[in-house]
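Data file: work31.cif. Format and content: mmCIF, C-alpha atoms and all ligand atoms.
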data_input
loop_
_atom_site.label_atom_id
_atom_site.label_comp_id
_atom_site.auth_asym_id
_atom_site.auth_seq_id
_atom_site.Cartn_x
_atom_site.Cartn_y
_atom_site.Cartn_z
CA MET X 148 -131.70 26.26 -181.97
CA ILE X 149 -131.65 22.56 -181.18
CA TYR X 150 -128.64 20.83 -179.66
CA THR X 151 -127.85 17.17 -179.31
CA HIS X 152 -127.16 15.55 -175.95
CA GLU X 153 -123.54 15.20 -177.00
CA GLU X 154 -123.22 18.93 -177.71
CA VAL X 155 -124.78 19.81 -174.35
CA ASN X 156 -122.55 17.32 -172.53
CA THR X 157 -119.45 18.61 -174.32
CA GLU X 158 -120.31 22.18 -173.35
CA ASN X 159 -121.02 21.23 -169.73
CA LYS X 160 -117.75 19.29 -169.56
CA ALA X 161 -115.83 22.29 -170.94
CA ILE X 162 -117.34 24.53 -168.24
CA ARG X 163 -116.51 21.99 -165.51
CA GLU X 164 -112.90 21.78 -166.72
CA TRP X 165 -112.73 25.57 -166.98
CA ASN X 166 -113.79 25.89 -163.37
CA GLU X 167 -111.26 23.31 -162.23
CA GLN X 168 -108.52 25.81 -163.14
CA LEU X 169 -106.98 27.42 -160.12
CA PHE X 170 -107.91 31.08 -159.68
CA LEU X 171 -104.83 33.18 -159.18
CA ALA X 172 -105.60 36.86 -159.56
CA ASN X 173 -103.07 38.23 -162.02
CA THR X 174 -103.34 41.99 -161.58
CA ASP X 175 -101.32 42.82 -164.71
CA LYS X 176 -103.66 40.68 -166.79
CA LEU X 177 -106.77 42.16 -165.15
CA ILE X 178 -105.54 45.73 -165.68
CA TYR X 179 -104.79 44.88 -169.30
CA ARG X 180 -108.35 43.53 -169.64
CA LEU X 181 -109.78 46.75 -168.14
CA GLN X 182 -107.84 48.79 -170.68
CA ASN X 183 -108.67 46.42 -173.53
CA LEU X 184 -112.20 45.30 -172.80
CA PRO X 185 -113.14 41.91 -174.19
CA HIS X 186 -115.95 42.29 -176.68
CA ASP X 187 -119.12 40.34 -176.37
CA CYS X 188 -119.07 37.59 -178.96
CA GLY X 189 -122.68 38.20 -179.94
CA ASP X 190 -125.49 35.71 -180.05
CA TRP X 191 -125.11 34.84 -183.72
CA ASP X 192 -121.35 34.40 -183.84
CA CYS X 193 -121.06 31.96 -180.97
CA THR X 194 -123.03 28.73 -180.79
CA SER X 195 -121.58 28.09 -177.34
CA LYS X 196 -123.34 31.21 -176.04
CA PHE X 197 -126.75 29.62 -176.61
CA LEU X 198 -125.86 26.84 -174.20
CA SER X 199 -123.58 28.59 -171.73
CA ALA X 200 -124.51 32.29 -171.89
CA ASN X 201 -121.66 34.35 -170.41
CA SER X 202 -119.56 31.26 -169.82
CA CYS X 203 -119.33 30.57 -173.56
CA ARG X 204 -116.11 29.34 -175.15
CA CYS X 205 -115.06 32.93 -175.97
CA MET X 206 -115.08 33.88 -172.27
CA ARG X 207 -113.46 30.56 -171.35
CA ASP X 208 -110.63 31.43 -173.76
CA ARG X 209 -110.16 34.87 -172.20
CA PHE X 210 -110.46 34.03 -168.49
CA ASP X 211 -108.81 31.22 -166.54
CA ASN X 212 -112.07 30.27 -164.85
CA GLU X 213 -115.47 31.62 -163.84
CA TRP X 214 -114.08 33.19 -160.65
CA GLU X 215 -111.68 35.27 -162.66
CA LEU X 216 -114.53 36.37 -164.95
CA GLN X 217 -116.70 37.35 -161.95
CA PHE X 218 -113.78 39.15 -160.29
CA PHE X 219 -113.15 41.02 -163.54
CA LYS X 220 -116.80 42.12 -163.69
CA ILE X 221 -116.55 43.55 -160.16
CA LEU X 222 -113.33 45.38 -161.06
CA LEU X 223 -114.96 46.68 -164.24
CA ASP X 224 -117.91 48.07 -162.24
CA LEU X 225 -115.51 49.84 -159.85
CA TYR X 226 -113.35 51.09 -162.72
CA LEU X 227 -116.36 52.53 -164.57
CA GLU X 228 -117.72 54.09 -161.37
CA LEU X 229 -114.36 55.79 -160.83
CA LYS X 230 -114.20 57.02 -164.44
CA ILE X 231 -117.75 58.40 -164.25
CA SER X 232 -117.04 60.09 -160.88
CA LYS X 233 -113.91 61.72 -162.33
CA ALA X 234 -115.81 62.92 -165.40
CA ILE X 235 -118.57 64.39 -163.22
CA GLN X 236 -115.97 66.14 -161.03
CA GLU X 237 -114.21 67.55 -164.10
CA LEU X 238 -117.51 68.95 -165.35
CA GLY X 239 -118.03 70.60 -161.97
CA ILE X 240 -121.38 68.96 -161.40
CA VAL X 241 -122.35 68.68 -157.74
CA ILE X 242 -124.53 65.72 -156.85
CA GLU X 243 -126.47 66.10 -153.63
CA ASN X 244 -127.66 63.12 -151.66
ZN ZN U 301 -118.96 33.29 -177.18
#

In C-alpha cells, how does this file's structure come out?
Ligand SMILES: [Zn+2]
Amino acid sequence: MIYTHEEVNTENKAIREWNEQLFLANTDKLIYRLQNLPHDCGDWDCTSKFLSANSCRCMRDRFDNEWELQFFKILLDLYLELKISKAIQELGIVIEN
C-alpha cells in the first residue's frame, strides 16, 4: 500500500499527540479491559495499522497513550499466566523444574 507524505505526517502527528496525554493508571478501566479484551483490528480493516502497527488509531481510541497500552500488555501477560497456573493446578498437573 502506498501512502502520501500527508497521510504519513497525519499519522505521526496523531501518535505524538496520543503520547502527550498524561498516563494515569486507572485500575478500574484496566481491569475492565482485561475482562473485555480489545480485539485486534486486523490488517485489512485498519489503514492506520499499516503505518503505525500496534499504535494504530483503534488502539489510540482505546488507550490514553502508549504507556497505558504497554502497561496493559504487561498486566495481560500476568493475568494470563495466573489463569494458566490456576488451570494447571485444578487439573492436578505437577510441573517440575
Ligand atoms: Zn487499527

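Taking atom CA of Ile221 of chain X as the reference point, atom CA of Asp208 of chain X is found at 19.2 Å.
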
Considering all atoms listed in the file, give me a table of residues in chain X that are at most 7 Å from ligand ZN 301 (chain U), with the closest atom pair and distance in Å for each, as JSON lines.
{"residue": "X:Cys188", "atom": "CA", "partner": "U:ZN301", "partner_atom": "ZN", "distance": 4.7}
{"residue": "X:Gly189", "atom": "CA", "partner": "U:ZN301", "partner_atom": "ZN", "distance": 6.8}
{"residue": "X:Cys193", "atom": "CA", "partner": "U:ZN301", "partner_atom": "ZN", "distance": 4.5}
{"residue": "X:Ser195", "atom": "CA", "partner": "U:ZN301", "partner_atom": "ZN", "distance": 5.8}
{"residue": "X:Lys196", "atom": "CA", "partner": "U:ZN301", "partner_atom": "ZN", "distance": 5.0}
{"residue": "X:Cys203", "atom": "CA", "partner": "U:ZN301", "partner_atom": "ZN", "distance": 4.5}
{"residue": "X:Arg204", "atom": "CA", "partner": "U:ZN301", "partner_atom": "ZN", "distance": 5.3}
{"residue": "X:Cys205", "atom": "CA", "partner": "U:ZN301", "partner_atom": "ZN", "distance": 4.1}
{"residue": "X:Met206", "atom": "CA", "partner": "U:ZN301", "partner_atom": "ZN", "distance": 6.3}

Preceding selection exported with C-alpha atoms as a compact mmCIF listing (two decimals), in the frame of the given file:
# COMPACT_ATOMS: atom_id res chain seq x y z
CA CYS X 188 -119.07 37.59 -178.96
CA GLY X 189 -122.68 38.20 -179.94
CA CYS X 193 -121.06 31.96 -180.97
CA SER X 195 -121.58 28.09 -177.34
CA LYS X 196 -123.34 31.21 -176.04
CA CYS X 203 -119.33 30.57 -173.56
CA ARG X 204 -116.11 29.34 -175.15
CA CYS X 205 -115.06 32.93 -175.97
CA MET X 206 -115.08 33.88 -172.27

Per residue of segment 195-235 of chain X within 9 Å of segment 155-166 of chain X, which atom pair is closest and at what distance in Å (one decimal), using only C-alpha atoms, listed by chain and increasing number, as CSV?
residue,atom,partner,partner_atom,distance
X:Ser195,CA,X:Glu158,CA,7.2
X:Leu198,CA,X:Val155,CA,7.1
X:Ser199,CA,X:Glu158,CA,7.4
X:Ser202,CA,X:Ile162,CA,7.3
X:Cys203,CA,X:Ile162,CA,8.3
X:Arg204,CA,X:Ala161,CA,8.2
X:Arg207,CA,X:Trp165,CA,6.7
X:Phe210,CA,X:Trp165,CA,8.9
X:Asp211,CA,X:Trp165,CA,6.9
X:Asn212,CA,X:Asn166,CA,4.9
X:Glu213,CA,X:Asn166,CA,6.0
X:Trp214,CA,X:Asn166,CA,7.8

For C-alpha atoms, I'd like the residues from the last selection saved as a PDB file, in the frame of the given file.
ATOM      1  CA  SER X 195    -121.580  28.090-177.340  1.00  0.00           C
ATOM      2  CA  LEU X 198    -125.860  26.840-174.200  1.00  0.00           C
ATOM      3  CA  SER X 199    -123.580  28.590-171.730  1.00  0.00           C
ATOM      4  CA  SER X 202    -119.560  31.260-169.820  1.00  0.00           C
ATOM      5  CA  CYS X 203    -119.330  30.570-173.560  1.00  0.00           C
ATOM      6  CA  ARG X 204    -116.110  29.340-175.150  1.00  0.00           C
ATOM      7  CA  ARG X 207    -113.460  30.560-171.350  1.00  0.00           C
ATOM      8  CA  PHE X 210    -110.460  34.030-168.490  1.00  0.00           C
ATOM      9  CA  ASP X 211    -108.810  31.220-166.540  1.00  0.00           C
ATOM     10  CA  ASN X 212    -112.070  30.270-164.850  1.00  0.00           C
ATOM     11  CA  GLU X 213    -115.470  31.620-163.840  1.00  0.00           C
ATOM     12  CA  TRP X 214    -114.080  33.190-160.650  1.00  0.00           C
TER      13      TRP X 214
END

Please list as a PDB file with C-alpha atoms, keeping the file's coordinate frame every residue within 12 Å of Tyr179 of chain X, counting only C-alpha atoms and excluding residues in the same chain fewer than 3 positions away.
ATOM      1  CA  ASN X 173    -103.070  38.230-162.020  1.00  0.00           C
ATOM      2  CA  THR X 174    -103.340  41.990-161.580  1.00  0.00           C
ATOM      3  CA  ASP X 175    -101.320  42.820-164.710  1.00  0.00           C
ATOM      4  CA  LYS X 176    -103.660  40.680-166.790  1.00  0.00           C
ATOM      5  CA  GLN X 182    -107.840  48.790-170.680  1.00  0.00           C
ATOM      6  CA  ASN X 183    -108.670  46.420-173.530  1.00  0.00           C
ATOM      7  CA  LEU X 184    -112.200  45.300-172.800  1.00  0.00           C
ATOM      8  CA  PRO X 185    -113.140  41.910-174.190  1.00  0.00           C
ATOM      9  CA  ARG X 209    -110.160  34.870-172.200  1.00  0.00           C
ATOM     10  CA  PHE X 219    -113.150  41.020-163.540  1.00  0.00           C
ATOM     11  CA  LEU X 222    -113.330  45.380-161.060  1.00  0.00           C
ATOM     12  CA  LEU X 223    -114.960  46.680-164.240  1.00  0.00           C
TER      13      LEU X 223
END

Can you measure atom CA of Ala200 of chain X to atom CA of Glu167 of chain X for me? One decimal in Å is fine.
18.7 Å

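You can rank X:Met148, X:Leu171, X:Leu181, X:Ile242 by their closest distance to Lys230 of chain X using all atoms listed in the file, and at the top of that list sits X:Leu181.
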
What box, with edges along x, y and z, holds each listed atom of segment 228-233 of chain X when 3 Å is added on every side, and can you state its centre and edge lengths in Å to one decimal, as AutoDock Vina command-line options?
--center_x -115.8 --center_y 57.9 --center_z -162.6 --size_x 9.8 --size_y 13.6 --size_z 9.6

Report, in Å to a single decimal, how far apart atom CA of Leu227 of chain X and atom CA of Phe197 of chain X are.
27.9 Å

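Nearest residue to Gln168 of chain X among X:Glu215, X:Val241, X:Ile149, X:Ser232 is X:Glu215, counting only C-alpha atoms.
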
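Nearest residue to Gln217 of chain X among X:Ile231, X:Glu237, X:Ile178, X:Asn201 is X:Asn201, counting only C-alpha atoms.
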